>>> print(open('final.cif').read())   # mmCIF, C-alpha atoms and all ligand atoms
data_start
#
loop_
_atom_site.label_atom_id
_atom_site.label_comp_id
_atom_site.auth_asym_id
_atom_site.auth_seq_id
_atom_site.Cartn_x
_atom_site.Cartn_y
_atom_site.Cartn_z
CA MET A 223 -45.68 64.36 -23.34
CA THR A 224 -46.82 67.99 -22.97
CA VAL A 225 -48.59 69.64 -20.04
CA LEU A 226 -51.85 69.75 -21.99
CA GLU A 227 -51.63 66.08 -22.97
CA VAL A 228 -50.91 65.09 -19.36
CA ILE A 229 -53.92 67.09 -18.13
CA GLN A 230 -56.20 65.50 -20.72
CA ARG A 231 -55.05 61.92 -20.17
CA SER A 232 -55.04 62.20 -16.39
CA THR A 233 -58.48 63.77 -16.37
CA ASP A 234 -59.87 60.97 -18.57
CA TYR A 235 -58.37 58.37 -16.22
CA LEU A 236 -59.80 60.03 -13.10
CA VAL A 237 -63.23 60.37 -14.76
CA ARG A 238 -63.21 56.62 -15.42
CA LYS A 239 -62.34 56.00 -11.76
CA GLY A 240 -65.28 58.14 -10.57
CA ILE A 241 -63.16 60.88 -8.93
CA GLU A 242 -64.87 64.22 -8.24
CA SER A 243 -63.47 67.34 -9.96
CA PRO A 244 -61.09 65.20 -12.05
CA ARG A 245 -59.48 67.98 -14.09
CA LEU A 246 -58.82 70.10 -10.99
CA GLN A 247 -57.27 67.12 -9.22
CA ALA A 248 -55.07 66.34 -12.22
CA GLU A 249 -53.97 69.97 -12.49
CA LEU A 250 -53.15 70.22 -8.78
CA MET A 251 -50.90 67.16 -8.96
CA LEU A 252 -49.21 68.38 -12.13
CA ALA A 253 -48.68 71.86 -10.69
CA GLU A 254 -47.11 70.33 -7.57
CA GLN A 255 -44.79 68.17 -9.67
CA LEU A 256 -43.71 71.14 -11.80
CA ARG A 257 -43.58 73.45 -8.74
CA LEU A 258 -45.83 75.96 -10.48
CA PRO A 259 -48.96 77.79 -9.31
CA ARG A 260 -51.86 75.89 -10.92
CA LEU A 261 -52.94 78.79 -13.13
CA GLN A 262 -49.44 78.92 -14.62
CA LEU A 263 -50.18 75.57 -16.28
CA TYR A 264 -52.33 77.46 -18.78
CA LEU A 265 -49.31 79.45 -19.92
CA ASN A 266 -47.25 76.26 -20.20
CA HIS A 267 -49.54 73.96 -22.20
CA ASP A 268 -46.81 73.07 -24.69
CA ARG A 269 -44.07 72.43 -22.13
CA GLU A 270 -42.66 68.90 -22.31
CA LEU A 271 -42.42 66.88 -19.09
CA ARG A 272 -39.26 64.97 -18.30
CA GLU A 273 -39.46 61.20 -17.95
CA ASP A 274 -38.76 61.33 -14.18
CA GLN A 275 -41.59 63.84 -13.71
CA LEU A 276 -43.96 61.62 -15.69
CA THR A 277 -43.00 58.60 -13.60
CA VAL A 278 -43.91 60.33 -10.33
CA LEU A 279 -47.07 61.79 -11.79
CA ARG A 280 -48.28 58.44 -13.13
CA GLU A 281 -47.90 57.02 -9.62
CA TRP A 282 -49.80 59.95 -8.05
CA ILE A 283 -52.64 59.76 -10.59
CA LYS A 284 -52.92 56.02 -10.02
CA ARG A 285 -53.13 56.54 -6.25
CA ARG A 286 -55.77 59.26 -6.67
CA GLY A 287 -57.68 56.93 -9.03
CA GLY A 288 -57.77 54.48 -6.11
CA HIS A 289 -59.52 57.22 -4.08
CA GLU A 290 -56.54 58.10 -1.90
CA PRO A 291 -57.05 61.73 -0.79
CA LEU A 292 -55.02 64.31 -2.69
CA GLN A 293 -53.65 65.74 0.56
CA TYR A 294 -52.04 62.41 1.52
CA ILE A 295 -50.52 62.12 -1.95
CA LEU A 296 -49.07 65.64 -1.90
CA GLY A 297 -48.25 65.35 1.82
CA HIS A 298 -49.33 68.79 2.91
CA VAL A 299 -52.32 71.02 3.53
CA ASN A 300 -52.94 74.66 4.36
CA PHE A 301 -54.81 75.33 7.60
CA CYS A 302 -55.60 78.94 8.54
CA GLY A 303 -52.68 80.07 6.41
CA VAL A 304 -50.30 77.62 8.10
CA GLU A 305 -48.69 74.93 5.92
CA LEU A 306 -48.84 71.52 7.66
CA GLU A 307 -47.50 68.13 6.71
CA VAL A 308 -50.09 65.36 6.71
CA SER A 309 -49.90 61.59 6.39
CA SER A 310 -52.36 58.74 6.67
CA ASN A 311 -51.67 58.76 10.45
CA VAL A 312 -53.72 61.94 10.86
CA LEU A 313 -57.09 63.29 9.83
CA ILE A 314 -56.81 65.81 7.00
CA PRO A 315 -57.62 69.20 8.60
CA ARG A 316 -60.95 70.51 7.29
CA PRO A 317 -62.27 74.01 6.53
CA GLU A 318 -64.93 73.53 9.26
CA THR A 319 -62.14 73.31 11.81
CA GLU A 320 -60.74 76.62 10.55
CA VAL A 321 -64.04 78.16 11.66
CA LEU A 322 -63.44 76.72 15.13
CA ALA A 323 -59.96 78.29 15.16
CA GLU A 324 -61.45 81.67 14.19
CA HIS A 325 -63.90 81.57 17.10
CA ALA A 326 -61.10 80.55 19.46
CA TRP A 327 -59.00 83.57 18.36
CA GLN A 328 -61.94 85.90 18.82
CA PHE A 329 -62.53 84.59 22.34
CA LEU A 330 -58.86 84.86 23.33
CA GLU A 331 -58.44 88.33 21.85
CA ALA A 332 -61.49 89.63 23.71
CA ARG A 333 -60.53 88.27 27.14
CA GLU A 334 -57.77 88.77 29.68
CA PRO A 335 -56.15 85.38 30.33
CA LEU A 336 -56.20 83.93 33.83
CA HIS A 337 -52.39 83.93 33.86
CA PRO A 338 -50.77 87.32 33.12
CA SER A 339 -48.08 85.64 31.00
CA GLY A 340 -50.65 84.43 28.47
CA ALA A 341 -53.58 82.11 27.85
CA ILE A 342 -53.29 78.40 28.55
CA ILE A 343 -55.20 76.25 26.07
CA LEU A 344 -55.94 72.55 25.81
CA ASP A 345 -56.32 71.01 22.35
CA PHE A 346 -57.90 67.63 22.93
CA ALA A 347 -57.53 65.19 19.98
CA THR A 348 -54.86 67.29 18.25
CA GLY A 349 -54.15 64.98 15.25
CA SER A 350 -51.85 66.90 12.87
CA GLY A 351 -51.67 69.65 15.51
CA CYS A 352 -53.60 72.02 13.25
CA LEU A 353 -55.59 73.82 15.96
CA ALA A 354 -52.76 73.98 18.48
CA ILE A 355 -50.26 75.26 15.92
CA ALA A 356 -52.62 77.78 14.29
CA LEU A 357 -53.46 79.20 17.74
CA ALA A 358 -49.81 79.30 18.80
CA CYS A 359 -48.84 81.09 15.55
CA ARG A 360 -51.59 83.68 15.92
CA ILE A 361 -51.21 84.31 19.66
CA PRO A 362 -47.51 84.53 20.53
CA THR A 363 -48.07 84.38 24.31
CA ALA A 364 -50.38 81.34 24.26
CA ARG A 365 -49.19 78.07 25.75
CA ILE A 366 -50.92 74.90 24.67
CA LEU A 367 -51.28 71.35 25.83
CA ALA A 368 -52.03 69.12 22.85
CA VAL A 369 -53.35 65.64 23.64
CA ASP A 370 -53.89 62.66 21.37
CA LEU A 371 -54.03 58.92 21.82
CA SER A 372 -52.13 58.27 18.58
CA TRP A 373 -48.33 58.34 18.95
CA PRO A 374 -47.66 58.64 15.18
CA ALA A 375 -50.05 61.62 15.08
CA LEU A 376 -48.18 63.29 17.94
CA VAL A 377 -44.83 62.76 16.19
CA LEU A 378 -46.16 64.50 13.08
CA ALA A 379 -47.84 67.27 15.13
CA ARG A 380 -44.57 68.01 16.94
CA HIS A 381 -42.73 68.08 13.61
CA ASN A 382 -45.29 70.58 12.29
CA ALA A 383 -44.89 72.71 15.41
CA GLN A 384 -41.10 72.70 14.99
CA ARG A 385 -41.42 73.79 11.36
CA HIS A 386 -43.37 76.84 12.55
CA GLN A 387 -41.12 77.53 15.56
CA VAL A 388 -43.91 77.13 18.12
CA ALA A 389 -42.86 73.76 19.58
CA ASP A 390 -41.50 75.46 22.72
CA ARG A 391 -45.03 76.65 23.59
CA ILE A 392 -46.87 73.40 22.83
CA GLN A 393 -46.58 70.41 25.09
CA PHE A 394 -47.56 67.21 23.29
CA TRP A 395 -48.99 64.54 25.48
CA GLN A 396 -50.16 61.00 24.68
CA GLY A 397 -53.33 59.96 26.44
CA ASN A 398 -57.00 59.20 26.11
CA SER A 399 -58.32 61.20 29.01
CA LEU A 400 -57.67 64.33 31.01
CA ALA A 401 -57.84 62.42 34.27
CA ALA A 402 -54.06 62.74 34.74
CA LEU A 403 -54.23 66.54 34.57
CA SER A 404 -54.38 68.62 37.71
CA PRO A 405 -58.05 69.20 38.54
CA MET A 406 -57.35 72.84 39.41
CA ALA A 407 -59.13 75.32 37.14
CA TRP A 408 -56.05 76.50 35.24
CA LEU A 409 -57.11 76.47 31.58
CA ASP A 410 -58.55 79.48 29.76
CA LEU A 411 -59.85 77.57 26.79
CA VAL A 412 -60.43 74.02 25.56
CA VAL A 413 -60.64 73.37 21.83
CA SER A 414 -61.43 70.00 20.35
CA ASN A 415 -62.34 68.35 17.11
CA PRO A 416 -62.92 64.85 18.48
CA PRO A 417 -63.99 61.76 16.54
CA TYR A 418 -67.76 62.26 16.18
CA ILE A 419 -69.07 59.92 13.50
CA PRO A 420 -71.49 57.26 14.82
CA THR A 421 -69.86 53.86 14.38
CA SER A 422 -72.70 52.58 12.17
CA ASP A 423 -72.18 55.49 9.72
CA LEU A 424 -68.49 54.70 9.09
CA ALA A 425 -69.31 52.13 6.42
CA ILE A 426 -71.23 54.66 4.30
CA LEU A 427 -68.58 57.39 4.28
CA GLN A 428 -67.00 58.29 0.92
CA PRO A 429 -64.08 55.95 0.13
CA GLU A 430 -61.50 58.77 0.52
CA VAL A 431 -62.47 59.01 4.21
CA ARG A 432 -63.55 55.44 4.98
CA ASP A 433 -60.59 53.68 3.38
CA TYR A 434 -57.76 56.14 4.07
CA GLU A 435 -58.31 58.37 7.11
CA PRO A 436 -57.53 56.77 10.50
CA ARG A 437 -60.57 55.07 12.01
CA LEU A 438 -59.36 56.29 15.40
CA ALA A 439 -59.92 59.85 14.17
CA LEU A 440 -63.46 59.18 13.01
CA ASP A 441 -65.27 56.74 15.27
CA GLY A 442 -67.31 58.57 17.90
CA GLY A 443 -69.01 55.49 19.37
CA PRO A 444 -72.61 54.30 18.99
CA ASP A 445 -74.20 57.78 18.77
CA GLY A 446 -71.04 59.74 17.92
CA LEU A 447 -71.08 61.53 21.28
CA ALA A 448 -68.76 59.34 23.37
CA PHE A 449 -65.95 61.93 23.37
CA PHE A 450 -68.23 64.82 24.19
CA ARG A 451 -69.42 63.01 27.31
CA SER A 452 -65.91 62.41 28.61
CA LEU A 453 -64.85 65.93 27.59
CA ALA A 454 -67.79 67.45 29.50
CA ARG A 455 -66.85 65.44 32.59
CA GLU A 456 -63.10 65.90 32.51
CA ALA A 457 -62.64 69.38 31.04
CA ALA A 458 -64.95 70.81 33.71
CA LEU A 459 -62.23 70.09 36.29
CA CYS A 460 -59.43 71.90 34.45
CA LEU A 461 -61.24 74.88 32.90
CA ARG A 462 -61.50 78.16 34.81
CA THR A 463 -64.89 79.59 35.65
CA GLY A 464 -65.98 81.65 32.65
CA GLY A 465 -63.60 79.71 30.39
CA ARG A 466 -64.89 78.35 27.09
CA LEU A 467 -64.95 74.96 25.46
CA LEU A 468 -65.16 75.08 21.66
CA ALA A 469 -65.78 71.75 19.97
CA GLU A 470 -66.63 70.67 16.46
CA PHE A 471 -69.52 68.21 16.10
CA GLY A 472 -71.32 66.21 13.42
CA ASP A 473 -74.51 66.73 11.45
CA GLY A 474 -77.59 66.86 13.68
CA GLN A 475 -75.67 66.53 16.97
CA GLU A 476 -76.51 70.11 18.04
CA ALA A 477 -79.86 68.89 19.39
CA LEU A 478 -78.14 66.42 21.73
CA LEU A 479 -75.21 68.47 23.04
CA PRO A 480 -77.11 70.70 25.53
CA SER A 481 -77.94 67.59 27.57
CA VAL A 482 -74.21 66.70 27.66
CA PHE A 483 -72.93 70.22 28.45
CA SER A 484 -75.57 70.96 31.05
CA PRO A 485 -75.88 72.93 34.33
CA PRO A 486 -74.56 73.24 36.93
CA LEU A 487 -71.09 72.79 35.34
CA TRP A 488 -71.82 74.01 31.82
CA ARG A 489 -74.01 76.38 29.85
CA VAL A 490 -74.26 76.21 26.07
CA GLU A 491 -73.52 79.77 25.00
CA ALA A 492 -73.88 79.32 21.25
CA ILE A 493 -73.93 76.91 18.37
CA ARG A 494 -71.96 78.38 15.45
CA ASN A 495 -72.38 77.45 11.80
CA ASP A 496 -69.66 76.38 9.41
CA ASN A 497 -69.05 77.99 6.01
CA ALA A 498 -71.77 75.82 4.48
CA ASN A 499 -74.16 77.33 7.06
CA LYS A 500 -74.56 74.08 8.97
CA PRO A 501 -74.46 73.98 12.80
CA ARG A 502 -70.91 72.80 13.52
CA ILE A 503 -69.25 74.41 16.55
CA LEU A 504 -70.32 74.15 20.17
CA VAL A 505 -69.43 77.06 22.45
CA ALA A 506 -69.91 76.05 26.09
CA VAL A 507 -69.15 78.19 29.15
CA ARG A 508 -67.74 76.71 32.34
CA GLU A 509 -70.14 78.04 35.00
C1 LIG B 1 -61.20 64.13 14.19
S1 LIG B 1 -59.46 63.92 14.53
C2 LIG B 1 -59.03 65.62 14.78
C3 LIG B 1 -57.63 65.96 14.50
C4 LIG B 1 -57.33 67.47 14.47
N1 LIG B 1 -57.65 68.10 15.73
C5 LIG B 1 -58.11 68.14 13.37
O1 LIG B 1 -59.00 68.93 13.66
O2 LIG B 1 -57.82 67.88 12.19
C6 LIG B 1 -59.56 63.22 16.13
C7 LIG B 1 -58.25 62.86 16.81
O3 LIG B 1 -58.61 62.22 18.05
C8 LIG B 1 -57.66 61.24 18.34
N2 LIG B 1 -58.27 60.28 19.30
C9 LIG B 1 -59.10 59.26 19.04
N3 LIG B 1 -59.45 58.64 20.16
C10 LIG B 1 -58.86 59.30 21.17
C11 LIG B 1 -58.87 59.16 22.57
N4 LIG B 1 -59.55 58.19 23.17
N5 LIG B 1 -58.16 60.03 23.31
C12 LIG B 1 -57.43 61.02 22.72
N6 LIG B 1 -57.39 61.22 21.39
C13 LIG B 1 -58.09 60.36 20.63
C14 LIG B 1 -57.32 60.62 17.02
O4 LIG B 1 -56.06 60.01 17.06
C15 LIG B 1 -57.38 61.86 16.10
O5 LIG B 1 -56.09 62.40 15.94
#
>>> encode(input="final.cif", output="structure tokens")
Amino acid sequence: MTVLEVIQRSTDYLVRKGIESPRLQAELMLAEQLRLPRLQLYLNHDRELREDQLTVLREWIKRRGGHEPLQYILGHVNFCGVELEVSSNVLIPRPETEVLAEHAWQFLEAREPLHPSGAIILDFATGSGCLAIALACRIPTARILAVDLSWPALVLARHNAQRHQVADRIQFWQGNSLAALSPMAWLDLVVSNPPYIPTSDLAILQPEVRDYEPRLALDGGPDGLAFFRSLAREAALCLRTGGRLLAEFGDGQEALLPSVFSPPLWRVEAIRNDNANKPRILVAVRE
């Protein structure tokens, strides 16, 4: 079967299964299998696929037709220019979270760290390690504590850090609270993309998210704010005065967050939008 025939048949199959952008999805899987940039497929329409390539591709297309996310099928994703492995043990890093990373860089580049040897950062709910690793790659003096409750997520995050040679500056730690950390104000910055979807909304998520991404990474409790409340309480003890907490939040939660990050411990400095112009990132100052 030729490249063009594979694209056409796969696209037809994915259309029947109700998959969004079916031709693009088919092309991305084919390009990965042939180890070609996607646009090169157009110069190779008549190329014949080998039987072993077709076997793998049939399996991938079938999985995608069952709504499994493309990133889990291919096993990797690009986050802020950093290639990361992903599996169904971790949330797939999102473009919104790249905006959070950008704001974190801007803050760190504009400020002298508390410790002359470099900034100390906490990434709470690290998942694949995307924020911790992107920050460590961009800021060679930064040291990061990356916390997650999920052991399989931490194993993958550490593997990703090793691939990018930043594992010596990231300490991975399994836990569900910061209570075990020293309460002295030693952190320059806290970043977090915690689970923030209200429990009752989980059932109406698109199947790619609802049926494949870890529930632990999604469920933010009855109003989606459970993690923000504990973060506000616990991070206040570890963050230096004038330090920032940058956290991603869900649709409409910006109205509720100022009552969680409130004086005298916190001041909401800004709410930043994501690339779709929706309020998405909380910037809170430790007073
Ligand atoms: C929304 S994901 C974010 C992952 C990653 N930071 C990102 O931006 O792609 C939330 C992460 O929080 C972790 N998590 C859930 N409950 C937790 C808890 N009680 N304590 C610590 N981490 C938790 C999940 O395992 C998951 O990896």
>>> closest_atom_pairs(input="final.cif", of="chain A", to="ligand LIG 1 (chain B)", cutoff="6 Å", atoms="all atoms listed in the file", output="CSV")
residue,atom,partner,partner_atom,distance
A:Val312,CA,B:LIG1,O5,5.6
A:Leu313,CA,B:LIG1,O2,5.2
A:Ile314,CA,B:LIG1,O2,5.7
A:Pro315,CA,B:LIG1,O2,3.8
A:Thr319,CA,B:LIG1,O1,5.7
A:Ala347,CA,B:LIG1,O3,3.7
A:Thr348,CA,B:LIG1,N1,3.8
A:Gly349,CA,B:LIG1,O5,3.3
A:Ser350,CA,B:LIG1,C4,5.7
A:Cys352,CA,B:LIG1,C5,6.0
A:Asp370,CA,B:LIG1,N6,3.8
A:Leu371,CA,B:LIG1,N6,4.1
A:Ser372,CA,B:LIG1,O4,4.6
A:Gly397,CA,B:LIG1,C12,5.6
A:Asn398,CA,B:LIG1,N5,3.1
A:Ser399,CA,B:LIG1,N5,5.8
A:Asn415,CA,B:LIG1,O1,4.8
A:Pro416,CA,B:LIG1,C6,4.4
A:Pro417,CA,B:LIG1,C1,4.4
A:Leu438,CA,B:LIG1,C9,4.7
A:Ala439,CA,B:LIG1,C15,3.8
A:Leu440,CA,B:LIG1,C1,5.6
>>> atom_distance(input="final.cif", atom1="atom CA of Val299 of chain A", atom2="atom CA of Ile342 of chain A")
26.1 Å
>>> closest_residue(input="final.cif", among="A:Asp423, A:Glu249, A:Asp410, A:Glu509", to="Leu336 of chain A", atoms="all atoms listed in the file")
A:Asp410
>>> closest_residue(input="final.cif", among="A:Pro405, A:Leu252, A:Leu353, A:Tyr294", to="Val321 of chain A", atoms="only C-alpha atoms")
A:Leu353
>>> closest_residue(input="final.cif", among="A:Ala389, A:Arg437, A:Leu478, A:Phe346", to="Ser452 of chain A", atoms="only C-alpha atoms")
A:Phe346
>>> atom_distance(input="final.cif", atom1="atom CA of Asn382 of chain A", atom2="atom CA of Glu307 of chain A")
6.5 Å
>>> closest_residue(input="final.cif", among="A:Pro429, A:Gly297, A:Gly472, A:Gly288", to="Leu378 of chain A", atoms="all atoms listed in the file")
A:Gly297
